[in-house]
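Asker: Can you keep this structure in mind? I'll have questions shortly.
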Amino acid sequence: MSNIDTTNNLPKRFESMMRDRLGADGFNAFAEAMQQKPGTSIRINPVKGSHLFESEERVAWCSYGKYLAVRPAFVWDPLYHAGAYYAQEASSMLFANAIDFSKDLKVLDLCAAPGGKSSLLLSYLTPDSLLISNELVGKRASILYENLVKWGCANNLITNNRVSDFSSFKGYFDVVMIDAPCSGEGMFRKDREAVEQWSEGLVNQCSAIQKEILTNAVDLVAPGGLLIYSTCTYESAENEDNLKWLYKNYGHKLEPVVIPIQASWGVETIDIKTESEQSQKGYYCFPHKLKGEGQFVSAMRITGRDSSRNQPKGLGRGMKYVTRNEAAIIGQYTRNNAEMAFLKLGEDSIFTVPETLVHQISPFIERMRVKKTGTTIGKVMRNNFVPDHELVMNGLASSEMPHVPLDLNQALDYMQRKNVALQPAIPKGWIVLTYQNLPIGLAKNLGDRINNHYPAEWRIRKDPGKLFENVEI
């Protein structure tokens with residue numbers, strides 16, 4: 001017998017659970033919403049895209065979020081590849097309202113791919129805050145790397161580790177964000193594959209994995225810090241029951257946190273009764289109550305006074321400042337910024353981070369598998385500089401480097417790693433290619449042609465299409 005109800009195209013057991021949760025009228029409204037086409041929401045990059053989508057409706061709970069009336073064909077928009085905006089489901093932006101971004105923070109995004117929550121955090125965090133974005137699965141970590149490089153921030157490390165690998169950082173982070181792997185019910189409207197893969201066994205499997213993540217994560221939060229837990233499922237076994245279990249085992253160090261939610265947003269607030277009789281708040285996004293997909297989020301504070309965490313000393317094994325000669329060479333290609341430190345790992349790439357974070361990143365480089373450290377600037381080889389794509393994505397390229405504007409067709413040719421014909425007056429050597437005043441990548445002008453240095457693994461492989469699909473939603 002099929003697992004899918006032919007009326008609503010939903011798993012039968014899921015439908016029964018939602019009827020019990022929402023009641024008859026609520027479920028009817030939910031089922032009707034599930035038959036409607038999902039909307040499109042994006043989040044602008046305040047550094048690169050503040051001028052974009054000005055007339056579009058704002059997402060009420062995120063100052064950078066927008067609902068689009070017309071869905072862009074993102075793959076054919078160079079601004080998307082330049083990191084001017086990010087396609088993110090509106091409900092998944094809600095969690096950030098739990099965090100006070102007014103001070104420098106050490107933040108760990110434990111299950112960070114594909115990068116929506118990390119790039120949102122980077123938009124709000126102070127420049128001297130540190131964000132560690134972790135993803136265990138290698139392929140997903142590569143997607144995370146691409147998205148965060150395009151977003152462009154130097155106060156970010158990407159790690160590729162198990163949650164248990166962070167055990168030496170107990171009590172270190174001001175915020176630990178867990179966007180837990182889940183059964184994906186909140187994505188049923190957008191993702192037919194999520195419906196077809198769903199089962200009770202998957203729910204139970206996810207619940208067990210989530211408990212393991214919580215077990216390892218709770219000790220990573222500094223006294224007074226926040227533990228934020230979110231999923232894109234409606235399952236009590238993955239949401240309320242997991243938080244009850246957490247309080248049962250770690251209630252002596254947890255305090256409930258109320259996330260400031262406005263009634264007009266349409267977010268449903270629930271009370272989760274814990275074993276210690278504390279009332280932990282949980283927040284549900286339902287597609288029949290707001291413009292967004294399914295999401296659950298809850299936040300807890302770790303009890304105790306803020307401890308004075310030991311500051312790491314030294315640069316650690318393999319990390320060192322660039323030499324005076326190397327600094328002079330890279331200075332021809334980078335913006336002068338006294339607040340940034342330029343360092344090397346071994347004899348390889350040069351990267352930059354805020355000077356205030358140099359000692360903070362050292363333990364991660366020593367103990368973790370690090371995929372991205374700050375912003376990679378490039379390499380100095382035989383007194384010649386080879387710049388890296390990250391240099392231009394973070395806006396750190398010197399204004400002395402020729403910046404060459406491209407039109408739409410040229411920009412797309414470049415991102416497909418084709419040759420781009422330049423005007424004869426363009427100087428030979430390294431140049432920064434731009435589209436609508438935003439850097440999109442590097443090339444080396446040889447005069448009669450260019451060496452295209454757009455990352456090969458990111459090149460656009462699809463056939464040309466329309467920039468906008470003209471589909472009203």
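Following the order of the structure tokens, chains are lettered A, B, ..., residues in each are numbered from 1, and ligands are numbered from 1.
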Just asking: which residues within region 140-359 of chain A are strand (DSSP E or B) according to DSSP, as a ChimeraX atom specification?
Answerer: /A:156-159,173-179,221-231,254-257,268-273,279-285,295-302,319-321,334,340-345,350-354
Asker: Considering only C-alpha atoms, return as a VMD selection string whatever protein or nucleic-acid residues lie within 8 Å of region 108-115 of chain A, sequence-local ones (same chain, fewer than 4 positions apart) excluded.
Answerer: chain A and resid 119 131 to 136 140 to 141 143 to 144 147 to 148 163 173 175 to 181
Asker: Within region 364-405 of chain A, find each residue whose DSSP state, derived from the backbone, is alpha helix (DSSP H), and express the selection as a list in words.
Answerer: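 So, restricting region 364-405 of chain A to alpha helix (DSSP H), we get Phe364, Ile365, Glu366, Arg367, His389, Glu390, Leu391, Val392 and Met393 of chain A.
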Asker: Kindly indicate which residue among A:Ala69, A:Leu412, A:Asn28, A:Leu79 lies nearest to Leu52 (chain A), using only C-alpha atoms for the distances.
Answerer: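 Under the stated criterion, the closest residue is A:Leu79.
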Asker: What does the structure give for the distance between CA of Glu390 (chain A) and CA of Thr376 (chain A), in Å to one decimal?
Answerer: 5.7 Å
